[in-house]
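This is work.txt (compact mmCIF, C-alpha atoms).
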# COMPACT_ATOMS: atom_id res chain seq x y z
CA MET A 1 177.37 62.81 31.01
CA ALA A 2 181.06 61.89 31.07
CA ARG A 3 182.00 65.49 31.92
CA ALA A 4 179.41 65.73 34.74
CA LEU A 5 179.77 62.28 36.35
CA THR A 6 182.59 60.20 37.76
CA PRO A 7 183.59 57.09 35.77
CA ALA A 8 181.76 54.91 38.32
CA GLU A 9 178.54 56.97 38.08
CA LEU A 10 178.76 57.00 34.31
CA GLY A 11 179.18 53.23 34.41
CA LEU A 12 175.91 52.85 36.34
CA ILE A 13 173.88 54.96 33.94
CA LEU A 14 175.41 53.40 30.82
CA LEU A 15 174.72 49.93 32.21
CA GLY A 16 171.08 50.95 32.71
CA VAL A 17 170.89 52.36 29.18
CA ALA A 18 172.32 49.11 27.82
CA LEU A 19 169.73 47.03 29.66
CA VAL A 20 166.63 49.07 28.73
CA SER A 21 167.83 49.52 25.14
CA GLY A 22 168.47 45.82 24.72
CA VAL A 23 165.15 44.79 26.25
CA GLY A 24 163.21 47.42 24.29
CA GLY A 25 164.92 46.49 21.05
CA ALA A 26 164.28 42.78 21.58
CA ALA A 27 160.64 43.59 22.37
CA SER A 28 160.29 44.99 18.85
CA LEU A 29 160.35 41.35 17.67
CA GLY A 30 162.35 42.22 14.56
CA LEU A 31 159.60 44.44 13.13
CA ALA A 32 162.15 46.92 11.78
CA ALA A 33 163.17 44.29 9.23
CA ALA A 34 159.97 42.24 9.00
CA ALA A 35 157.57 45.16 8.50
CA GLY A 36 159.98 46.84 6.10
CA ARG A 37 160.29 43.81 3.85
CA ARG A 38 156.57 42.99 4.06
CA ALA A 39 155.39 46.51 3.16
CA ALA A 40 158.01 46.89 0.40
CA ASP A 41 157.02 43.53 -1.07
CA LEU A 42 153.30 44.38 -1.04
CA ARG A 43 153.89 47.78 -2.62
CA ALA A 44 156.15 46.30 -5.29
CA LYS A 45 153.22 44.03 -6.23
CA GLY A 46 150.79 46.95 -6.36
CA ARG A 47 148.96 45.98 -3.16
CA THR A 48 149.29 49.31 -1.37
CA ALA A 49 146.11 48.96 0.70
CA GLU A 50 147.44 45.73 2.19
CA ALA A 51 150.73 47.49 2.97
CA HIS A 52 148.78 49.98 5.12
CA ILE A 53 147.15 47.10 6.97
CA SER A 54 150.55 45.55 7.52
CA GLY A 55 151.89 48.82 8.92
CA ARG A 56 149.00 49.11 11.35
CA SER A 57 149.54 45.53 12.51
CA ALA A 58 153.24 46.16 13.07
CA LEU A 59 152.56 49.22 15.23
CA VAL A 60 149.98 47.39 17.37
CA ILE A 61 152.32 44.44 17.93
CA GLY A 62 155.21 46.75 18.83
CA ALA A 63 153.14 48.81 21.27
CA ALA A 64 151.84 45.74 23.11
CA SER A 65 155.28 44.15 23.33
CA GLY A 66 156.93 47.41 24.43
CA GLY A 67 154.41 47.90 27.23
CA ALA A 68 155.10 44.40 28.54
CA ALA A 69 158.87 44.99 28.38
CA ALA A 70 158.66 48.28 30.32
CA ALA A 71 156.52 46.64 33.00
CA ALA A 72 159.03 43.79 33.37
CA LEU A 73 161.89 46.29 33.74
CA LEU A 74 160.02 48.18 36.46
CA VAL A 75 159.49 44.95 38.40
CA ALA A 76 163.20 44.10 38.04
CA ALA A 77 164.17 47.60 39.20
CA ALA A 78 161.98 47.29 42.29
CA ALA A 79 163.57 43.94 43.14
CA LEU A 80 167.11 45.29 42.70
CA ALA A 81 166.35 48.27 44.93
CA PHE A 82 166.15 45.92 47.93
CA LEU A 83 169.60 44.42 47.31
CA PRO A 84 172.40 46.27 49.13
CA ALA A 85 174.92 45.77 46.32
CA ALA A 86 172.52 46.78 43.53
CA GLY A 87 170.20 49.30 45.16
CA ARG A 88 171.67 52.33 43.43
CA PHE A 89 171.53 50.63 40.05
CA GLY A 90 167.92 49.59 40.69
CA GLY A 91 166.96 53.23 41.16
CA VAL A 92 168.58 54.20 37.87
CA LEU A 93 166.94 51.28 36.06
CA GLY A 94 163.49 52.26 37.34
CA ILE A 95 163.92 55.77 35.92
CA LEU A 96 165.08 54.46 32.53
CA ALA A 97 162.48 51.65 32.18
CA PRO A 98 159.96 53.69 30.10
CA VAL A 99 162.55 53.87 27.29
CA ALA A 100 161.52 50.30 26.35
CA LEU A 101 157.91 51.45 26.03
CA GLY A 102 158.92 53.78 23.22
CA LEU A 103 161.61 51.66 21.58
CA ALA A 104 159.49 48.68 20.54
CA PRO A 105 156.76 50.60 18.62
CA GLY A 106 159.46 53.00 17.43
CA PHE A 107 161.35 50.13 15.80
CA ALA A 108 158.06 48.93 14.28
CA MET A 109 157.50 52.36 12.72
CA VAL A 110 161.08 52.31 11.40
CA GLY A 111 160.16 49.14 9.49
CA VAL A 112 156.93 50.67 8.19
CA ALA A 113 158.79 53.78 7.03
CA ARG A 114 161.34 51.60 5.22
CA GLY A 115 158.56 49.73 3.47
CA PHE A 116 157.00 52.98 2.26
CA GLY A 117 160.33 54.34 1.02
CA ASP A 118 160.59 57.20 3.51
CA TYR A 119 164.15 58.09 4.49
CA VAL A 120 163.59 61.55 5.97
CA GLY A 121 161.49 61.00 9.10
CA ARG A 122 163.82 58.66 10.94
CA PRO A 123 167.03 60.75 10.75
CA LEU A 124 165.26 64.06 11.30
CA ILE A 125 162.70 63.12 13.95
CA ARG A 126 163.67 59.85 15.65
CA ASP A 127 167.46 59.97 15.55
CA GLY A 128 168.22 63.68 15.15
CA GLY A 129 165.25 65.06 17.07
CA GLY A 130 165.44 62.42 19.78
CA GLY A 131 169.18 62.97 20.14
CA LEU A 132 168.73 66.73 20.50
CA LEU A 133 165.97 66.23 23.07
CA ARG A 134 168.20 63.89 25.09
CA LEU A 135 171.05 66.38 24.87
CA ALA A 136 168.80 69.26 25.98
CA ALA A 137 167.24 67.34 28.87
CA ILE A 138 170.60 66.05 30.11
CA GLY A 139 172.06 69.55 29.74
CA VAL A 140 169.31 71.00 31.93
CA ALA A 141 169.93 68.29 34.56
CA VAL A 142 173.65 69.03 34.56
CA MET A 143 173.19 72.80 34.81
CA MET A 144 170.82 72.31 37.73
CA GLN A 145 173.39 69.99 39.34
CA GLY A 146 170.74 67.29 39.54
CA GLY A 147 173.15 64.38 39.77
CA LEU A 148 172.91 60.82 38.53
CA ARG A 149 169.16 60.25 38.76
CA TRP A 150 168.17 63.55 37.17
CA ILE A 151 170.58 62.90 34.29
CA ALA A 152 169.01 59.45 33.84
CA PHE A 153 165.58 61.10 33.85
CA GLY A 154 166.68 63.52 31.13
CA PHE A 155 167.94 60.65 29.00
CA MET A 156 164.63 58.84 29.41
CA ILE A 157 162.49 61.88 28.55
CA GLY A 158 164.47 62.63 25.40
CA SER A 159 164.42 59.01 24.23
CA VAL A 160 160.68 58.50 24.74
CA ALA A 161 159.84 61.84 23.11
CA GLY A 162 161.94 61.00 20.06
CA GLU A 163 160.32 57.59 19.58
CA PHE A 164 156.74 58.80 19.97
CA GLY A 165 157.43 61.84 17.81
CA PHE A 166 158.47 59.50 14.99
CA ILE A 167 155.42 57.29 15.58
CA ALA A 168 153.18 60.36 15.31
CA TYR A 169 154.95 61.28 12.06
CA GLY A 170 154.17 57.85 10.60
CA VAL A 171 150.55 58.03 11.69
CA LEU A 172 150.14 61.46 10.10
CA ARG A 173 151.70 60.17 6.87
CA GLY A 174 148.92 57.58 6.71
CA TRP A 175 151.11 54.48 6.73
CA VAL A 176 149.07 52.72 9.42
CA ARG A 177 145.52 53.69 8.51
CA ARG A 178 142.68 51.20 8.68
CA GLN A 179 141.39 49.78 5.39
CA GLY A 180 137.69 48.92 5.69
CA GLU A 181 137.00 45.98 7.98
CA HIS A 182 140.47 44.54 7.48
CA ALA A 183 142.97 45.71 10.08
CA TRP A 184 145.30 42.80 10.68
CA ASP A 185 148.11 41.26 8.66
CA ARG A 186 148.13 37.62 9.67
CA ASP A 187 151.09 36.81 7.42
CA LEU A 188 153.26 39.43 9.14
CA TRP A 189 152.45 38.01 12.57
CA GLN A 190 152.98 34.40 11.55
CA GLY A 191 156.29 35.15 9.84
CA LEU A 192 157.84 37.06 12.75
CA ARG A 193 159.71 34.18 14.39
CA PRO A 194 163.02 34.34 12.45
CA TYR A 195 162.99 38.15 12.59
CA ALA A 196 162.36 38.10 16.35
CA VAL A 197 165.24 35.68 16.84
CA MET A 198 167.54 37.87 14.74
CA GLU A 199 166.49 40.99 16.63
CA LEU A 200 167.05 39.33 20.00
CA LEU A 201 170.50 38.23 18.94
CA SER A 202 171.21 41.62 17.39
CA GLN A 203 170.35 43.36 20.66
CA LEU A 204 172.40 40.89 22.65
CA THR A 205 175.28 41.45 20.24
CA GLN A 206 175.03 45.22 20.72
CA TRP A 207 174.72 45.23 24.50
CA VAL A 208 176.15 41.98 25.86
CA ASP A 209 179.60 43.52 26.25
CA MET A 210 178.26 46.23 28.57
CA LEU A 211 176.09 43.79 30.51
CA ILE A 212 178.82 41.19 31.08
CA LEU A 213 181.30 43.92 31.95
CA GLY A 214 178.78 45.27 34.45
CA VAL A 215 178.53 41.85 36.09
CA LEU A 216 182.24 41.00 36.06
CA GLY A 217 183.82 44.46 36.33
CA ALA A 218 183.69 47.53 38.55
CA PRO A 219 181.41 50.46 37.63
CA ALA A 220 184.43 52.63 36.78
CA VAL A 221 185.62 50.03 34.25
CA VAL A 222 182.16 50.13 32.68
CA GLY A 223 182.52 53.91 32.49
CA TYR A 224 185.87 53.69 30.68
CA TYR A 225 184.48 51.13 28.27
CA GLY A 226 181.28 53.10 27.83
CA VAL A 227 182.93 56.26 26.49
CA ALA A 228 184.83 54.28 23.86
CA ARG A 229 181.71 52.29 23.01
CA SER A 230 179.63 55.45 22.74
CA PHE A 231 181.92 56.88 20.06
CA SER A 232 182.04 53.60 18.12
CA ARG A 233 178.26 53.32 18.43
CA ALA A 234 177.90 56.77 16.88
CA LEU A 235 179.89 55.44 13.93
CA GLU A 236 177.68 52.35 13.86
CA ILE A 237 174.71 54.66 13.35
CA VAL A 238 176.45 55.94 10.23
CA HIS A 239 177.11 52.35 9.18
CA ILE A 240 173.47 51.24 9.48
CA SER A 241 171.97 54.50 8.20
CA ALA A 242 171.63 53.35 4.60
CA GLY A 243 169.90 50.17 5.80
CA HIS A 244 166.76 52.27 6.14
CA ASN A 245 166.54 52.47 2.36
CA PHE A 246 168.66 49.46 1.40
CA LEU A 247 166.16 46.72 2.27
CA PRO A 248 163.22 48.08 0.23
CA ALA A 249 165.59 49.13 -2.59
CA ALA A 250 167.19 45.68 -2.75
CA THR A 251 163.78 43.98 -2.60
CA ALA A 252 162.46 46.17 -5.44
CA ALA A 253 165.67 45.56 -7.43
CA LEU A 254 165.10 41.81 -7.26
CA HIS A 255 161.51 42.22 -8.45
CA HIS A 256 162.22 44.59 -11.33
CA GLY A 257 165.88 44.27 -12.31
CA GLY A 258 166.95 40.80 -11.26
CA ARG A 259 170.30 39.82 -9.79
CA ASP A 260 172.37 42.42 -11.67
CA GLU A 261 170.34 45.33 -10.30
CA PHE A 262 170.40 43.76 -6.84
CA VAL A 263 174.21 43.53 -6.89
CA ARG A 264 174.48 47.12 -8.14
CA VAL A 265 172.40 48.40 -5.20
CA TYR A 266 174.44 46.25 -2.80
CA VAL A 267 177.85 47.44 -4.02
CA ARG A 268 176.98 51.14 -4.28
CA THR A 269 175.36 51.26 -0.82
CA ARG A 270 178.27 49.59 0.93
CA THR A 271 180.91 51.61 -0.92
CA PHE A 272 179.18 54.88 -0.06
CA ILE A 273 178.95 53.98 3.64
CA PHE A 274 182.62 52.96 3.70
CA ALA A 275 183.58 56.37 2.30
CA LEU A 276 181.68 58.10 5.12
CA LEU A 277 183.17 55.92 7.85
CA TRP A 278 186.79 55.55 6.80
CA PRO A 279 188.27 58.86 8.09
CA PHE A 280 186.79 58.26 11.56
CA LEU A 281 187.83 54.61 11.62
CA ALA A 282 191.36 55.59 10.62
CA LEU A 283 191.53 57.97 13.60
CA CYS A 284 190.28 55.27 15.97
CA LEU A 285 192.93 52.86 14.70
CA ALA A 286 195.92 55.22 14.48
CA ALA A 287 195.34 57.87 17.17
CA PRO A 288 192.51 56.96 19.57
CA ALA A 289 193.80 59.32 22.28
CA THR A 290 193.07 62.30 20.00
CA VAL A 291 189.42 61.23 20.08
CA ILE A 292 189.12 60.39 23.79
CA ARG A 293 190.97 63.39 25.29
CA PRO A 294 189.00 66.30 23.72
CA LEU A 295 185.61 64.60 24.00
CA PHE A 296 185.70 63.05 27.45
CA GLY A 297 188.75 64.42 29.27
CA GLU A 298 192.06 63.14 30.63
CA VAL A 299 190.39 60.93 33.23
CA TYR A 300 189.05 58.66 30.46
CA LEU A 301 192.36 58.07 28.64
CA PRO A 302 192.43 54.41 29.85
CA ALA A 303 189.72 53.90 27.19
CA THR A 304 192.13 54.47 24.26
CA PRO A 305 193.08 50.78 23.66
CA VAL A 306 189.40 49.90 23.91
CA LEU A 307 188.52 52.41 21.17
CA ARG A 308 191.26 51.00 18.92
CA LEU A 309 189.89 47.45 19.18
CA LEU A 310 186.33 48.64 18.68
CA GLY A 311 187.52 50.55 15.59
CA VAL A 312 188.95 47.31 14.17
CA ALA A 313 185.62 45.56 14.86
CA LEU A 314 183.68 48.30 13.08
CA ALA A 315 186.11 48.17 10.15
CA VAL A 316 185.30 44.46 9.85
CA GLN A 317 181.60 45.35 9.88
CA ALA A 318 182.18 47.97 7.18
CA VAL A 319 183.87 45.37 4.95
CA PHE A 320 181.21 42.70 5.56
CA GLY A 321 178.24 45.02 6.11
CA TYR A 322 174.70 44.76 4.74
CA LYS A 323 175.02 41.05 4.03
CA ASP A 324 172.32 40.25 6.57
CA LEU A 325 169.87 42.67 4.92
CA ALA A 326 170.86 41.36 1.49
CA LEU A 327 170.00 37.81 2.58
CA ILE A 328 166.69 39.01 4.06
CA ALA A 329 165.86 40.66 0.72
CA LEU A 330 166.63 37.31 -0.91
CA GLY A 331 164.15 35.63 1.45
CA ARG A 332 166.84 33.90 3.54
CA ALA A 333 166.02 35.35 6.95
CA SER A 334 166.34 31.99 8.69
CA LEU A 335 169.93 31.56 7.44
CA THR A 336 170.84 34.97 8.84
CA ALA A 337 169.32 34.02 12.19
CA GLY A 338 171.54 30.93 12.34
CA VAL A 339 174.64 33.03 11.72
CA SER A 340 173.59 35.42 14.46
CA VAL A 341 173.36 32.54 16.95
CA ARG A 342 176.85 31.26 16.13
CA SER A 343 178.56 34.65 16.10
CA PHE A 344 176.91 35.65 19.36
CA GLY A 345 178.05 32.41 21.00
CA ALA A 346 181.64 32.98 19.85
CA GLY A 347 181.68 36.56 21.11
CA LEU A 348 180.05 35.64 24.41
CA LEU A 349 182.63 32.92 25.06
CA ALA A 350 185.46 35.34 24.24
CA MET A 351 184.08 37.96 26.64
CA VAL A 352 183.62 35.51 29.51
CA LEU A 353 187.24 34.37 29.06
CA LEU A 354 188.83 37.78 28.42
CA ILE A 355 186.97 40.25 30.66
CA PRO A 356 188.23 38.88 34.02
CA PRO A 357 191.94 39.27 33.14
CA PHE A 358 191.74 42.26 30.76
CA GLY A 359 188.63 44.20 31.80
CA ALA A 360 187.33 46.69 29.23
CA THR A 361 189.94 45.65 26.66
CA GLY A 362 188.72 42.06 26.94
CA ALA A 363 185.16 43.16 26.27
CA ALA A 364 186.30 45.00 23.12
CA ALA A 365 188.21 41.90 21.99
CA GLY A 366 185.00 39.89 22.37
CA VAL A 367 183.17 42.38 20.14
CA LEU A 368 185.91 41.93 17.54
CA VAL A 369 185.61 38.13 17.66
CA MET A 370 181.85 38.42 17.18
CA ALA A 371 182.27 40.73 14.19
CA VAL A 372 184.83 38.47 12.49
CA VAL A 373 182.78 35.28 12.93
CA ARG A 374 179.55 36.95 11.77
CA GLY A 375 181.16 38.67 8.79
CA ALA A 376 182.91 35.55 7.54
CA ALA A 377 179.79 33.38 7.86
CA LEU A 378 177.54 35.93 6.11
CA ALA A 379 180.10 36.38 3.33
CA HIS A 380 180.06 32.63 2.71
CA LEU A 381 176.25 32.51 2.64
CA LEU A 382 175.90 35.44 0.27
CA TRP A 383 178.52 33.94 -2.02
CA ARG A 384 176.55 30.70 -2.05
CA GLU A 385 173.09 32.26 -2.41
CA ALA A 386 173.79 35.15 -4.82
CA ALA A 387 177.35 34.57 -6.11
CA ILE A 388 178.51 37.82 -4.46
CA ARG A 389 182.26 37.44 -4.02
CA PRO A 390 183.76 39.17 -0.96
CA TRP A 391 187.12 39.67 -2.68
CA ILE A 392 185.50 41.56 -5.59
CA GLU A 393 182.08 43.07 -4.79
CA ASP A 394 182.99 43.79 -1.15
CA LEU A 395 186.41 45.29 -1.93
CA PRO A 396 186.19 47.54 -5.02
CA ARG A 397 189.47 48.93 -6.31
CA ALA A 398 188.78 52.41 -4.92
CA VAL A 399 188.26 51.01 -1.41
CA LEU A 400 191.53 49.07 -1.55
CA TRP A 401 193.32 52.20 -2.78
CA ALA A 402 191.91 54.28 0.10
CA VAL A 403 192.98 51.72 2.70
CA THR A 404 196.47 51.44 1.18
CA LEU A 405 196.93 55.23 1.08
CA THR A 406 195.88 55.61 4.71
CA GLY A 407 198.02 52.68 5.83
CA GLY A 408 201.02 54.19 4.08
CA ALA A 409 200.48 57.53 5.85
CA TRP A 410 200.27 55.73 9.21
CA VAL A 411 203.52 53.86 8.57
CA LEU A 412 205.26 57.11 7.65
CA THR A 413 204.15 58.74 10.92
CA LEU A 414 205.49 55.76 12.86
CA LEU A 415 208.83 55.89 11.04
CA ALA A 416 209.08 59.64 11.61
CA GLY A 417 208.21 59.27 15.30
CA ALA A 418 205.19 61.56 14.99
CA THR A 419 202.59 61.27 17.75
CA GLY A 420 199.42 62.93 18.97
CA VAL A 421 197.81 65.59 16.86
CA VAL A 422 200.52 65.48 14.15
CA ALA A 423 200.07 61.75 13.53
CA ALA A 424 196.29 62.10 13.66
CA ALA A 425 196.39 64.92 11.08
CA TRP A 426 198.47 62.90 8.62
CA VAL A 427 196.34 59.76 8.96
CA ALA A 428 193.03 61.64 8.87
CA GLY A 429 194.15 63.66 5.85
CA ALA A 430 195.12 60.54 3.90
CA ALA A 431 191.83 58.86 4.85
CA LEU A 432 189.84 61.90 3.72
CA VAL A 433 191.60 61.88 0.34
CA GLY A 434 190.93 58.16 0.01
CA SER A 435 187.24 58.58 0.89
CA PHE A 436 186.94 61.43 -1.63
CA PHE A 437 188.14 59.19 -4.46
CA VAL A 438 185.89 56.37 -3.26
CA LEU A 439 182.91 58.72 -3.56
CA ILE A 440 184.00 59.84 -7.02
CA SER A 441 184.21 56.20 -8.10
CA LEU A 442 180.47 55.82 -7.52
CA PHE A 443 179.66 58.20 -10.38
CA PRO A 444 180.19 57.22 -14.02
CA VAL A 445 182.86 59.11 -15.96
CA ARG A 446 180.31 60.13 -18.58
CA ARG A 447 178.35 62.06 -15.94
CA TRP A 448 181.38 64.18 -15.16
CA ALA A 449 182.02 64.71 -18.86
CA ALA A 450 178.44 65.85 -19.37
If you convert what's in this file into structure tokens, what do you get?
Amino acid sequence: MARALTPAELGLILLGVALVSGVGGAASLGLAAAAGRRAADLRAKGRTAEAHISGRSALVIGAASGGAAAAALLVAAAALAFLPAAGRFGGVLGILAPVALGLAPGFAMVGVARGFGDYVGRPLIRDGGGGLLRLAAIGVAVMMQGGLRWIAFGFMIGSVAGEFGFIAYGVLRGWVRRQGEHAWDRDLWQGLRPYAVMELLSQLTQWVDMLILGVLGAPAVVGYYGVARSFSRALEIVHISAGHNFLPAATAALHHGGRDEFVRVYVRTRTFIFALLWPFLALCLAAPATVIRPLFGEVYLPATPVLRLLGVALAVQAVFGYKDLALIALGRASLTAGVSVRSFGAGLLAMVLLIPPFGATGAAAGVLVMAVVRGAALAHLLWREAAIRPWIEDLPRAVLWAVTLTGGAWVLTLLAGATGVVAAAWVAGAALVGSFFVLISLFPVRRWAA
């Protein structure tokens, strides 16, 4: 899209994507976490039939809520179409509105899949398949020179197809089948409130930067910010990928292995994800232009400082990651919701203050503030609730060694005056070596000896 559209046009479509994605995600009511924990808990207790009922209930709730969200977006798009200053955006929003219809039940099925221990369907069908369908549909629109609205239509078609393809996969796997006369999980419905609050705040956290920037900034500024945010969001997908299996694994560990097994799952999951992320984060921090230029073109180089700040924010998330899911597994969902409220408020205030004078860079700084406040608060809670110490469990020796090695390589490039591809190669090489040793640290020495 960046190659086919001007920064201003890209800003319009990315603003629409942010709005429909946020509304559709919020309409899921937190079922990705709630249904996952509920089904995993029931299965751990040997109540598999009730887990199927819970999955069916989650899908019904998500479908009803998603339909309502899509209808509300269509009404909003029709209203915006009559405003001279927002008419073009209203047209784009109307095309993208059906995305919310697929997102809410799609998130519900993500939770059901987590609860049943499936970690293949989501990456292959929903994320991978949906991404390829979006890419193909947008590619066709670009080749046919369809312009802004046809590209938006391609994005919508690919997104909806990916969500409903994953829902069909879950239905065929039998996770949502009816069990006799019982077809409703009352406990799931009654316990949704804290999860819905967390999901709403999570979606606001993900998209508020784009939305506020769209209100306070020009469309071209949204376009510059959007390309940097799109790359960091791709890395966020890597960051949250293990969450699909972490919540049921942590819940089962508490049931069968106690605190020690829970901490083992927590440490290994986070360390593994850090190893995957670190080379890319190092590039974002040390040489963001080498990411922006080849992917999006020279016209988007003003996004380089934005990508650097977003890389710092994601590094903070990598250090403090999975604490929210760990607290949910411990049955402390309400505490996590409270942290989400406070961190969102801090980030929102920072964006309102920083976007007018600094534009896209101010929005990225607000994301960083939000990440720091959230990470610090969750670290304190998990220390209090499970005695998990951020200076030990969150920072294993191998992780510290990898960061030190990469930092040393970056300093050497600065002292030598290296820039561009040369500096990026040195930093990325050091980060890859560090990540390799982090991965090795996850396997016991006796396994290598055997």
Test item: residues at most 10 Å from Leu277 in chain A, all atoms listed in the file, excluding those fewer than 2 positions along its chain, as a PDB file with C-alpha atoms, keeping the file's coordinate frame:
ATOM      1  CA  LEU A 235     179.890  55.440  13.930  1.00  0.00           C
ATOM      2  CA  GLU A 236     177.680  52.350  13.860  1.00  0.00           C
ATOM      3  CA  VAL A 238     176.450  55.940  10.230  1.00  0.00           C
ATOM      4  CA  HIS A 239     177.110  52.350   9.180  1.00  0.00           C
ATOM      5  CA  PHE A 272     179.180  54.880  -0.060  1.00  0.00           C
ATOM      6  CA  ILE A 273     178.950  53.980   3.640  1.00  0.00           C
ATOM      7  CA  PHE A 274     182.620  52.960   3.700  1.00  0.00           C
ATOM      8  CA  ALA A 275     183.580  56.370   2.300  1.00  0.00           C
ATOM      9  CA  PRO A 279     188.270  58.860   8.090  1.00  0.00           C
ATOM     10  CA  PHE A 280     186.790  58.260  11.560  1.00  0.00           C
ATOM     11  CA  LEU A 281     187.830  54.610  11.620  1.00  0.00           C
ATOM     12  CA  ALA A 282     191.360  55.590  10.620  1.00  0.00           C
ATOM     13  CA  LEU A 314     183.680  48.300  13.080  1.00  0.00           C
ATOM     14  CA  ALA A 315     186.110  48.170  10.150  1.00  0.00           C
ATOM     15  CA  ALA A 318     182.180  47.970   7.180  1.00  0.00           C
ATOM     16  CA  ALA A 431     191.830  58.860   4.850  1.00  0.00           C
ATOM     17  CA  LEU A 432     189.840  61.900   3.720  1.00  0.00           C
ATOM     18  CA  SER A 435     187.240  58.580   0.890  1.00  0.00           C
TER      19      SER A 435
END
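Excluding Arg389 in chain A itself and same-chain residues fewer than 4 positions from it, the residues having an atom within 12 Å of it are Val263, Tyr266, Val267, Phe320, Lys323, Ala376, Leu378, Ala379, His380, Leu381, Leu382, Trp383, Arg384, Glu385, Glu393, Asp394, Leu395 and Pro396 of chain A, counting all atoms listed in the file.
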Using only C-alpha atoms, find each residue of range 137-231 of chain A with at least one atom at most 12 Å away from an atom of range 55-66 of chain A; report its shortest atom-to-atom pair and that distance in Å (one decimal), sort the rows by chain and rising residue number, and return the result as a Markdown table.
| residue | atom | partner | partner_atom | distance |
| --- | --- | --- | --- | --- |
| A:Val160 | CA | A:Gly66 | CA | 11.7 |
| A:Glu163 | CA | A:Ala63 | CA | 11.5 |
| A:Phe164 | CA | A:Ala63 | CA | 10.7 |
| A:Phe166 | CA | A:Leu59 | CA | 11.9 |
| A:Ile167 | CA | A:Leu59 | CA | 8.6 |
| A:Ala168 | CA | A:Leu59 | CA | 11.2 |
| A:Gly170 | CA | A:Gly55 | CA | 9.5 |
| A:Val171 | CA | A:Arg56 | CA | 9.1 |
| A:Arg173 | CA | A:Gly55 | CA | 11.5 |
| A:Gly174 | CA | A:Gly55 | CA | 9.5 |
| A:Trp175 | CA | A:Gly55 | CA | 6.1 |
| A:Val176 | CA | A:Arg56 | CA | 4.1 |
| A:Arg177 | CA | A:Arg56 | CA | 6.4 |
| A:Arg178 | CA | A:Arg56 | CA | 7.2 |
| A:Gln179 | CA | A:Arg56 | CA | 9.7 |
| A:His182 | CA | A:Ser57 | CA | 10.4 |
| A:Ala183 | CA | A:Ser57 | CA | 7.0 |
| A:Trp184 | CA | A:Ser57 | CA | 5.4 |
| A:Asp185 | CA | A:Ser57 | CA | 5.9 |
| A:Arg186 | CA | A:Ser57 | CA | 8.5 |
| A:Asp187 | CA | A:Ser57 | CA | 10.2 |
| A:Leu188 | CA | A:Ala58 | CA | 7.8 |
| A:Trp189 | CA | A:Ser57 | CA | 8.1 |
| A:Gln190 | CA | A:Ser57 | CA | 11.7 |
| A:Gly191 | CA | A:Ala58 | CA | 11.9 |
| A:Leu192 | CA | A:Ala58 | CA | 10.2 |
| A:Ala196 | CA | A:Gly62 | CA | 11.5 |
How would the residues just chosen look if you wrote them out with C-alpha atoms as a PDB file, in the coordinates of the input?
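File selection.pdb, as written:
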ATOM      1  CA  VAL A 160     160.680  58.500  24.740  1.00  0.00           C
ATOM      2  CA  GLU A 163     160.320  57.590  19.580  1.00  0.00           C
ATOM      3  CA  PHE A 164     156.740  58.800  19.970  1.00  0.00           C
ATOM      4  CA  PHE A 166     158.470  59.500  14.990  1.00  0.00           C
ATOM      5  CA  ILE A 167     155.420  57.290  15.580  1.00  0.00           C
ATOM      6  CA  ALA A 168     153.180  60.360  15.310  1.00  0.00           C
ATOM      7  CA  GLY A 170     154.170  57.850  10.600  1.00  0.00           C
ATOM      8  CA  VAL A 171     150.550  58.030  11.690  1.00  0.00           C
ATOM      9  CA  ARG A 173     151.700  60.170   6.870  1.00  0.00           C
ATOM     10  CA  GLY A 174     148.920  57.580   6.710  1.00  0.00           C
ATOM     11  CA  TRP A 175     151.110  54.480   6.730  1.00  0.00           C
ATOM     12  CA  VAL A 176     149.070  52.720   9.420  1.00  0.00           C
ATOM     13  CA  ARG A 177     145.520  53.690   8.510  1.00  0.00           C
ATOM     14  CA  ARG A 178     142.680  51.200   8.680  1.00  0.00           C
ATOM     15  CA  GLN A 179     141.390  49.780   5.390  1.00  0.00           C
ATOM     16  CA  HIS A 182     140.470  44.540   7.480  1.00  0.00           C
ATOM     17  CA  ALA A 183     142.970  45.710  10.080  1.00  0.00           C
ATOM     18  CA  TRP A 184     145.300  42.800  10.680  1.00  0.00           C
ATOM     19  CA  ASP A 185     148.110  41.260   8.660  1.00  0.00           C
ATOM     20  CA  ARG A 186     148.130  37.620   9.670  1.00  0.00           C
ATOM     21  CA  ASP A 187     151.090  36.810   7.420  1.00  0.00           C
ATOM     22  CA  LEU A 188     153.260  39.430   9.140  1.00  0.00           C
ATOM     23  CA  TRP A 189     152.450  38.010  12.570  1.00  0.00           C
ATOM     24  CA  GLN A 190     152.980  34.400  11.550  1.00  0.00           C
ATOM     25  CA  GLY A 191     156.290  35.150   9.840  1.00  0.00           C
ATOM     26  CA  LEU A 192     157.840  37.060  12.750  1.00  0.00           C
ATOM     27  CA  ALA A 196     162.360  38.100  16.350  1.00  0.00           C
TER      28      ALA A 196
END
Atomic separation - CA of Gly131 in chain A relative to CA of Ile240 in chain A, Å: 16.4 Å
Quick one: residues within 7 Å of Ala34 in chain A, only C-alpha atoms counted, chain neighbours fewer than 4 positions away excluded, as a short mmCIF file (atom, residue, chain, number, x, y, z; two decimals) with C-alpha atoms, in the frame of the given file?
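Here's the written file around_28.cif:
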data_model
loop_
_atom_site.label_atom_id
_atom_site.label_comp_id
_atom_site.auth_asym_id
_atom_site.auth_seq_id
_atom_site.Cartn_x
_atom_site.Cartn_y
_atom_site.Cartn_z
CA GLY A 30 162.35 42.22 14.56
CA ARG A 38 156.57 42.99 4.06
CA GLY A 111 160.16 49.14 9.49
CA LEU A 192 157.84 37.06 12.75
CA TYR A 195 162.99 38.15 12.59
#
